[in-house]
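This report refers to the structure that appears directly beneath it.
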Number of protein chains: 2
Amino acid sequence: MRPKKRFHHGDLREALIAATRELLIEHGPDGFTLADACRRAGVTTAAPYKHFRDKQQILEEIVARGFEELAAANAKAVAEGGPGTIAGITAMGISYLEFAVGQPAVFRLMFGHKSEIRKVEQVDESGKQCLKHVIDEVATYSRKHGHTADAEAIALRLWTFVHGASSLELNGDYQRVARGLDVRRMIADVTPMLLGVTSEKRAPSRGRKR
Amino acid sequence: MRPKKRFHHGDLREALIAATRELLIEHGPDGFTLADACRRAGVTTAAPYKHFRDKQQILEEIVARGFEELAAANAKAVAEGGPGTIAGITAMGISYLEFAVGQPAVFRLMFGHKSEIRKVEQVDESGKQCLKHVIDEVATYSRKHGHTADAEAIALRLWTFVHGASSLELNGDYQRVARGLDVRRMIADVTPMLLGVTSEKRAPSRGRKR
DNA sequence: TAACTTAAGTAAGAGCGACTAACTTGGCAA
DNA sequence: TTGCCAAGTTAGTCGCTCTTACTTAAGTTA
C-alpha cells in the first residue's frame with residue numbers, strides 16, 4: 001500500500017505517524033509539533049518532507065485511518081448487538097462514544113475545526129460510510145417493524161445525539177455540570193425514543209456506573 | 001470594570017479583543033496569531049503583555065463573554081417562545097444552534113479542546129448557568145403537565161442533542177452527508193420526543209428545505 | 001511649573017517550530 | 001563497477017510567542 005522497509009530508517013513514514021499519534025494523545029490536537037515527532041523517530045526535522053507534503057498531511061492520514069477504525073468498530077458493535085435491532089443500533093452509538101473517549105485527539109481532528117482535512121477524498125468517503133451504516137440499520141429495523149418513518153431522518157437524529165454525547169463527554173462538560181452521569185445509559189435510553197418507540201424494554205446498558 | 005480610556009492607545013485591551021474576534025472569524029480558532037492582532041491594533045507585538053498574561057488569556061476573555069452572550073440569547077429565546085412550553089424549549093435549542101453558526105470560532109473555543117480555558121472560574125460558572133436554564137424550563141414544563149420525569153436528565157438529553165446538531169452543522173458535516181437538511185426543523189421535531197411527548201399528529205417531516 | 005511616579009508603550013532579541021535548498025549516503029539495477 | 005536516485009542530513013529563512021530593558025507621557029505633588 002505504502003512504501004515499506006526502505007533505506008535508512010526502515011519505515012519513517014509509519015514511524016512518524018506512530019509518533020504523531022502518541023503526541024496527540026499526550027498533548028492534544030494542538031500541542032503536537034512535527035519537530036517532536038522527528039525527535040521520537042530519531043531523524044532531523046527536515047526528514048518528514050520526503051514523505052509528507054506538510055505537517056497537515058500527517059494528520060490527514062491519521063484522520064483517514066480514524067474514520068476506517070470508527071466504521072469498523074461500529075460494524076462490529078452492531079453485528080454483536082444484533083443487526084436491525086434496537087440493541088444493535090444502541091451498541092453502535094455506544095461504540096461511537098467509546099471511539100471518541102478512547103482516542104479523543106483523533107476524534108477531535110476527525111470532527112474538528114480543520115475543515116481542510118475532510119476535503120481529502122479518502123477522508124470524505126470514509127466519513128460518509130459511517131453514516132450510511134446507521135441509515136441501513138435503521139432502515140432494516142423499520143422494515144422489520146412495518147414503520148413508515150424516513151430511515152435517513154432517524155439516522156441523522158441518532159448520529160446527532162450520539163455525536164453530541166461524545167463531544168460533551170470528551171470535553172469534560174458532563175463532568176463539570178452533571179458529575180456521575182452514565183452516558184452509555186443515556187444513549188441506551190434515548191435511542192428507542194429517537195427510533196419512535198414509545199414503550200419497550202430498554203436495551204440493557206453495558207456501561208458501568210461510576 | 002476594566003481599565004478604560006488610558007494613556008497612549010486609548011483602550012488597547014478592548015482593541016486587542018476586538019481584533020482577535022475579527023481574526024477568529026477570518027482564520028478560525030487556530031489561524032489567529034497575536035502578532036496579527038497587534039498589527040490591526042497598531043502596536044508592537046510586545047504591547048499585549050501589559051494587558052494579558054499570554055495569548056491564551058485573550059481567548060479566555062472572549063470565551064467568558066461568549067458564554068454570557070449564549071446565556072442571554074437563550075434566555076431571550078425562551079422568553080419569546082413561551083417559558084415552560086415546548087415552543088419555548090425548542091426556541092432555546094434553536095438559539096443555541098444559531099449562536100454556534102453565528103460565531104463558529106467562538107463556539108469552538110467554548111466547547112473545544114482547550115480545556116484549560118474552561119478551568120477559569122468565570123468561564124466555568126457561565127457555562128453551568130446555561131444548562132441550569134434548560135433544567136429550569138424543563139422542570140416548569142413537567143410541573144405544568146404533571147410529569148414525574150427527572151428534569152435534569154431530560155435537560156441533559158436536550159443539551160446533548162442540540163449540541164450535537166450545532167457541532168455537526170458548524171463543521172459542515174451535514175452539508176457533506178445530508179445536503180439540505182433543515183437543522184432547525186430537526187430540533188423542533190426532536191425536542192418533544194426527548195421531553196417524552198408521544199408523537200401523535202406530528203407530520204413526519206423529512207426535515208428538508210431549499 | 002518643574003520634578004516625580006508609574007502605566008503603557010517600543011526596540012531588540014532569545015528560542016522554537018515549519019518549511020526549503022543544497023548536499024550526502026547507500027541500496028539497487030545495468 | 002558505475003551511476004541513479006530515494007531518503008536522509010546540514011544549514012538557513014521566516015514568523016510567532018514571550019522577555020528584558022529602555023522610553024514616553026499622564027497625572028500628582030510641592
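Within each chain, counting starts at residue 1; across the C-alpha cells, chains are named A, B, ... in the order shown, with ligands numbered 1 upward in that order.
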
Note to self: Can you work out which residues from chain C touch chain A at a cut-off of 12 Å (counting only C-alpha atoms (C1' of nucleotides)) and hand them back as JSON, numbers by chain?
What the structure shows: {"C": [16, 17, 18, 19, 20, 21, 25, 26, 27, 28]}

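Residue-level contacts from chain D to chain B at 8 Å, counting only C-alpha atoms (C1' of nucleotides), read D:DC16, D:DC18, D:DA25, D:DA26.
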
Next item on the list: Compute the post-superposition RMSD of the C-alpha atoms of chain A relative to chain B, with atoms paired in order and the fit done by least squares.
Entry: 2.1 Å

Next item on the list: Would you return as a PyMOL selection string the members of chain A that DSSP assigns to helix (DSSP H, G or I) on this structure's backbone?
Entry: chain A and resi 12-31+34-41+47-50+55-81+86-102+104-110+115-119+121-144+151-170+173-177+183-194

Determine, using only C-alpha atoms, which residues of chain B have any atom at most 9 Å from an atom of chain A, and tabulate each with its shortest atom pair and distance in Å to one decimal place, rows ordered by chain and then rising number, as a tab-separated table.
```
residue	atom	partner	partner_atom	distance
B:Gly28	CA	A:His113	CA	7.5
B:Pro29	CA	A:His113	CA	7.7
B:Asp30	CA	A:His113	CA	8.5
B:Ala105	CA	A:His113	CA	8.4
B:Arg108	CA	A:His113	CA	7.6
B:Phe111	CA	A:Asn171	CA	7.0
B:Gly112	CA	A:Asn171	CA	7.0
B:His113	CA	A:Asn171	CA	6.5
B:Lys114	CA	A:Gly28	CA	8.5
B:Ser115	CA	A:Asn171	CA	6.9
B:Asp124	CA	A:Arg176	CA	8.1
B:Gly127	CA	A:Val177	CA	8.5
B:Lys128	CA	A:Val177	CA	6.0
B:Leu131	CA	A:Val177	CA	7.8
B:Lys132	CA	A:Val177	CA	8.9
B:Glu152	CA	A:Ala178	CA	8.7
B:Ala153	CA	A:Met186	CA	8.5
B:Leu156	CA	A:Ala178	CA	8.4
B:Arg157	CA	A:Met186	CA	7.6
B:Leu158	CA	A:Phe161	CA	8.9
B:Trp159	CA	A:Gly164	CA	8.2
B:Thr160	CA	A:Gly164	CA	4.9
B:Phe161	CA	A:Phe161	CA	4.5
B:Val162	CA	A:Gly164	CA	7.4
B:His163	CA	A:Gly164	CA	5.3
B:Gly164	CA	A:Gly164	CA	3.5
B:Ala165	CA	A:Thr160	CA	5.4
B:Ser166	CA	A:Gly164	CA	8.6
B:Ser167	CA	A:Gly164	CA	7.5
B:Leu168	CA	A:Thr160	CA	7.3
B:Leu170	CA	A:His113	CA	8.7
B:Asn171	CA	A:His113	CA	6.5
B:Gly172	CA	A:Ser115	CA	7.9
B:Asp173	CA	A:Phe111	CA	8.1
B:Tyr174	CA	A:Leu156	CA	8.7
B:Arg176	CA	A:Lys128	CA	7.8
B:Val177	CA	A:Lys128	CA	6.0
B:Ala178	CA	A:Leu156	CA	8.4
B:Leu181	CA	A:Ala153	CA	8.9
B:Met186	CA	A:Arg157	CA	7.6
B:Ile187	CA	A:Arg157	CA	9.0
B:Val190	CA	A:Leu194	CA	7.5
B:Met193	CA	A:Met193	CA	6.5
B:Leu194	CA	A:Met193	CA	7.1
B:Gly196	CA	A:Met193	CA	8.2
B:Thr198	CA	A:Thr198	CA	6.7
B:Ser199	CA	A:Gly196	CA	8.1
B:Pro204	CA	A:Ala149	CA	7.0
B:Ser205	CA	A:Asp150	CA	8.6
B:Arg206	CA	A:Ala153	CA	6.3
B:Gly207	CA	A:Ala153	CA	7.2
```

Print the selection's residues with N, CA and C atoms to a file, as a compact mmCIF listing (two decimals), in the first residue's frame.
```txt
# COMPACT_ATOMS: atom_id res chain seq x y z
N GLY B 28 -10.36 31.25 11.73
CA GLY B 28 -10.65 30.11 12.60
C GLY B 28 -9.84 30.15 13.87
N PRO B 29 -10.15 29.25 14.78
CA PRO B 29 -9.57 29.28 16.12
C PRO B 29 -8.07 29.03 16.12
N ASP B 30 -7.54 28.52 15.05
CA ASP B 30 -6.10 28.23 15.01
C ASP B 30 -5.33 29.26 14.20
N ALA B 105 -16.17 30.29 15.46
CA ALA B 105 -14.86 30.20 16.10
C ALA B 105 -14.99 30.32 17.61
N ARG B 108 -16.41 27.16 19.05
CA ARG B 108 -15.40 26.10 19.09
C ARG B 108 -14.45 26.29 20.26
N PHE B 111 -16.36 25.21 23.45
CA PHE B 111 -16.55 23.76 23.65
C PHE B 111 -15.44 22.97 23.00
N GLY B 112 -14.31 23.60 22.85
CA GLY B 112 -13.24 22.95 22.11
C GLY B 112 -12.26 22.23 23.00
N HIS B 113 -11.15 21.96 22.41
CA HIS B 113 -10.19 21.07 23.03
C HIS B 113 -9.35 21.76 24.10
N LYS B 114 -9.38 23.07 24.11
CA LYS B 114 -8.52 23.78 25.05
C LYS B 114 -9.19 23.79 26.43
N SER B 115 -9.09 22.67 27.10
CA SER B 115 -9.83 22.52 28.35
C SER B 115 -9.33 23.48 29.42
N ASP B 124 -16.28 28.84 33.80
CA ASP B 124 -16.94 27.66 34.32
C ASP B 124 -18.35 28.01 34.79
N GLY B 127 -20.83 28.78 32.05
CA GLY B 127 -21.19 27.56 31.35
C GLY B 127 -22.27 26.79 32.08
N LYS B 128 -22.09 26.67 33.37
CA LYS B 128 -23.08 25.94 34.17
C LYS B 128 -24.44 26.63 34.11
N LEU B 131 -26.80 25.56 31.28
CA LEU B 131 -27.54 24.31 31.46
C LEU B 131 -28.66 24.48 32.48
N LYS B 132 -28.37 25.23 33.52
CA LYS B 132 -29.36 25.44 34.58
C LYS B 132 -30.64 26.03 34.00
N GLU B 152 -33.59 17.14 35.20
CA GLU B 152 -32.18 17.27 34.85
C GLU B 152 -31.79 16.28 33.76
N ALA B 153 -32.26 15.06 33.89
CA ALA B 153 -31.93 14.05 32.88
C ALA B 153 -32.44 14.48 31.51
N LEU B 156 -30.40 17.32 30.11
CA LEU B 156 -29.11 16.85 29.59
C LEU B 156 -29.28 16.23 28.21
N ARG B 157 -30.38 15.53 28.01
CA ARG B 157 -30.63 14.94 26.70
C ARG B 157 -30.82 16.02 25.65
N LEU B 158 -31.58 17.03 26.01
CA LEU B 158 -31.84 18.12 25.07
C LEU B 158 -30.54 18.84 24.73
N TRP B 159 -29.78 19.12 25.77
CA TRP B 159 -28.49 19.80 25.56
C TRP B 159 -27.63 18.95 24.63
N THR B 160 -27.54 17.68 24.93
CA THR B 160 -26.73 16.77 24.13
C THR B 160 -27.13 16.82 22.66
N PHE B 161 -28.43 16.73 22.41
CA PHE B 161 -28.89 16.72 21.03
C PHE B 161 -28.58 18.04 20.32
N VAL B 162 -28.93 19.10 20.98
CA VAL B 162 -28.73 20.42 20.37
C VAL B 162 -27.25 20.71 20.17
N HIS B 163 -26.45 20.28 21.12
CA HIS B 163 -25.01 20.48 20.98
C HIS B 163 -24.46 19.67 19.80
N GLY B 164 -24.93 18.45 19.69
CA GLY B 164 -24.52 17.62 18.56
C GLY B 164 -24.92 18.25 17.24
N ALA B 165 -26.13 18.73 17.18
CA ALA B 165 -26.62 19.36 15.95
C ALA B 165 -25.78 20.59 15.61
N SER B 166 -25.47 21.38 16.63
CA SER B 166 -24.68 22.59 16.40
C SER B 166 -23.28 22.24 15.91
N SER B 167 -22.67 21.26 16.54
CA SER B 167 -21.31 20.87 16.14
C SER B 167 -21.27 20.37 14.71
N LEU B 168 -22.21 19.51 14.38
CA LEU B 168 -22.18 18.91 13.05
C LEU B 168 -22.51 19.94 11.98
N LEU B 170 -22.00 23.17 12.14
CA LEU B 170 -20.86 24.08 12.14
C LEU B 170 -19.66 23.52 11.38
N ASN B 171 -19.44 22.24 11.54
CA ASN B 171 -18.29 21.62 10.88
C ASN B 171 -18.58 21.27 9.43
N GLY B 172 -19.81 21.52 9.02
CA GLY B 172 -20.15 21.21 7.64
C GLY B 172 -20.40 19.74 7.40
N ASP B 173 -20.57 18.97 8.46
CA ASP B 173 -20.75 17.53 8.29
C ASP B 173 -22.11 17.21 7.69
N TYR B 174 -23.13 17.97 8.06
CA TYR B 174 -24.45 17.74 7.46
C TYR B 174 -24.40 18.05 5.98
N ARG B 176 -22.15 17.68 4.02
CA ARG B 176 -21.44 16.65 3.28
C ARG B 176 -22.31 15.41 3.05
N VAL B 177 -23.05 15.04 4.10
CA VAL B 177 -23.74 13.75 4.01
C VAL B 177 -25.25 13.89 3.86
N ALA B 178 -25.79 15.05 4.14
CA ALA B 178 -27.24 15.21 4.07
C ALA B 178 -27.57 16.62 3.61
N LEU B 181 -30.48 19.47 4.68
CA LEU B 181 -31.15 19.18 5.96
C LEU B 181 -31.52 20.48 6.66
N MET B 186 -35.29 19.86 12.49
CA MET B 186 -34.93 18.63 13.19
C MET B 186 -35.00 18.85 14.70
N ILE B 187 -34.48 19.97 15.16
CA ILE B 187 -34.53 20.28 16.59
C ILE B 187 -35.98 20.40 17.05
N VAL B 190 -37.43 16.90 17.33
CA VAL B 190 -36.88 16.00 18.34
C VAL B 190 -37.16 16.48 19.77
N MET B 193 -39.96 14.80 21.48
CA MET B 193 -39.63 13.39 21.71
C MET B 193 -38.83 13.23 22.99
N LEU B 194 -37.83 14.08 23.14
CA LEU B 194 -36.96 13.96 24.31
C LEU B 194 -37.66 14.44 25.58
N GLY B 196 -40.56 13.55 26.11
CA GLY B 196 -41.45 12.44 26.45
C GLY B 196 -42.86 12.61 25.92
N THR B 198 -45.45 11.80 23.32
CA THR B 198 -45.60 10.77 22.28
C THR B 198 -46.16 11.42 21.03
N SER B 199 -45.47 11.19 19.94
CA SER B 199 -45.85 11.84 18.70
C SER B 199 -47.17 11.28 18.21
N PRO B 204 -44.57 13.54 9.90
CA PRO B 204 -43.19 13.04 9.82
C PRO B 204 -42.41 13.77 8.74
N SER B 205 -41.99 14.98 9.10
CA SER B 205 -41.30 15.80 8.10
C SER B 205 -39.98 15.16 7.74
N ARG B 206 -39.62 15.28 6.51
CA ARG B 206 -38.31 14.78 6.10
C ARG B 206 -37.23 15.76 6.49
N GLY B 207 -37.68 16.87 7.02
CA GLY B 207 -36.72 17.84 7.50
C GLY B 207 -35.83 18.42 6.42
```

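The neighbours of D:DT28 here are the residues that come within 12 Å of it, using only C-alpha atoms (C1' of nucleotides) and leaving out any residue fewer than 3 positions away in the same chain; they are DA3, DC4, DT5 and DT6 of chain C.
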
Restricted to N, CA and C atoms (P, O5', C5', C4', C3', O3' and C1' of nucleotides), what would the selected residues look like written as an mmCIF file, in the first residue's frame?
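Writing the result to result36.cif gives the following:
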```
data_model
loop_
_atom_site.group_PDB
_atom_site.id
_atom_site.type_symbol
_atom_site.label_atom_id
_atom_site.label_comp_id
_atom_site.auth_asym_id
_atom_site.auth_seq_id
_atom_site.Cartn_x
_atom_site.Cartn_y
_atom_site.Cartn_z
ATOM 1 P P DA C 3 13.113 70.585 37.091
ATOM 2 O "O5'" DA C 3 12.658 69.456 38.128
ATOM 3 C "C5'" DA C 3 12.489 69.778 39.515
ATOM 4 C "C4'" DA C 3 11.881 68.573 40.193
ATOM 5 C "C3'" DA C 3 12.491 67.245 39.749
ATOM 6 O "O3'" DA C 3 12.678 66.445 40.914
ATOM 7 C "C1'" DA C 3 10.155 67.209 39.349
ATOM 8 P P DC C 4 13.134 64.920 40.854
ATOM 9 O "O5'" DC C 4 11.755 64.160 40.975
ATOM 10 C "C5'" DC C 4 10.966 64.371 42.148
ATOM 11 C "C4'" DC C 4 9.822 63.382 42.157
ATOM 12 C "C3'" DC C 4 10.243 61.945 41.825
ATOM 13 O "O3'" DC C 4 9.686 61.093 42.827
ATOM 14 C "C1'" DC C 4 8.469 62.640 40.389
ATOM 15 P P DT C 5 9.982 59.514 42.826
ATOM 16 O "O5'" DT C 5 8.648 58.957 42.161
ATOM 17 C "C5'" DT C 5 7.394 59.416 42.685
ATOM 18 C "C4'" DT C 5 6.257 58.678 42.004
ATOM 19 C "C3'" DT C 5 6.536 57.205 41.692
ATOM 20 O "O3'" DT C 5 5.366 56.469 42.016
ATOM 21 C "C1'" DT C 5 5.968 58.354 39.696
ATOM 22 P P DT C 6 5.341 54.851 42.096
ATOM 23 O "O5'" DT C 6 4.578 54.462 40.749
ATOM 24 C "C5'" DT C 6 3.326 55.078 40.451
ATOM 25 C "C4'" DT C 6 2.969 54.808 39.003
ATOM 26 C "C3'" DT C 6 3.281 53.382 38.519
ATOM 27 O "O3'" DT C 6 2.228 52.981 37.681
ATOM 28 C "C1'" DT C 6 4.233 54.913 37.065
#
```

Margin query: Would you pick out the contacts of D:DT20 at 12 Å or less, using only C-alpha atoms (C1' of nucleotides), so that residues sharing its chain but fewer than 6 positions from it are not included, and give the list as a list of chain:residue names?
Written below: B:Ala46, C:DA11, C:DA12, C:DG13, C:DA14

Note to self: Can you measure atom CA of A:Gly31 to atom CA of B:Gly31 for me? One decimal in Å is fine.
What the structure shows: 14.7 Å

Margin query: Give me the residues near stretch 61-65 of chain A as a PyMOL selection string, where near means some atom within 8 Å (using only C-alpha atoms (C1' of nucleotides)) and where sequence neighbours in that chain fewer than 6 positions away do not count.
Written below: chain A and resi 17+21+106+109-110+117+122-123+126

Check: Which neighbours of C:DA22 fall inside 12 Å, counting only C-alpha atoms (C1' of nucleotides), when residues of the same chain fewer than 2 positions from it are skipped, and could you give them as a list in words?
Finding: DT20 and DT24 of chain C; DT9, DT10, DA11 and DG12 of chain D

Item checked: Who sits within 10 Å of stretch 77-85 of chain A, only C-alpha atoms (C1' of nucleotides), same chain under 3 positions skipped, as a ChimeraX atom specification -> /A:71-74,88-96,133-134,136-145,203

What does the file look like for those residues with C-alpha atoms, as a short mmCIF file (atom, residue, chain, number, x, y, z; two decimals), in the first residue's frame?
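Now in part.cif:
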```
data_model
loop_
_atom_site.label_atom_id
_atom_site.label_comp_id
_atom_site.auth_asym_id
_atom_site.auth_seq_id
_atom_site.Cartn_x
_atom_site.Cartn_y
_atom_site.Cartn_z
CA ALA A 71 -16.59 2.40 10.78
CA ALA A 72 -15.08 -0.98 11.65
CA ALA A 73 -15.81 -0.60 15.36
CA ASN A 74 -19.39 0.40 14.65
CA GLY A 88 -27.70 -3.33 17.77
CA ILE A 89 -28.35 0.31 16.98
CA THR A 90 -27.70 1.24 20.60
CA ALA A 91 -24.46 -0.72 20.57
CA MET A 92 -23.43 1.24 17.51
CA GLY A 93 -23.99 4.52 19.33
CA ILE A 94 -22.04 3.37 22.33
CA SER A 95 -19.26 2.21 20.06
CA TYR A 96 -19.11 5.72 18.59
CA HIS A 133 -24.17 2.20 8.17
CA VAL A 134 -26.56 3.82 10.60
CA ASP A 136 -29.01 0.89 6.80
CA GLU A 137 -29.56 -0.39 10.31
CA VAL A 138 -32.45 1.95 10.92
CA ALA A 139 -33.98 1.00 7.59
CA THR A 140 -33.72 -2.68 8.44
CA TYR A 141 -35.27 -2.08 11.82
CA SER A 142 -38.10 -0.04 10.34
CA ARG A 143 -38.81 -2.60 7.66
CA LYS A 144 -38.96 -5.37 10.23
CA HIS A 145 -41.46 -3.44 12.31
CA ALA A 203 -31.63 -2.41 25.67
#
```
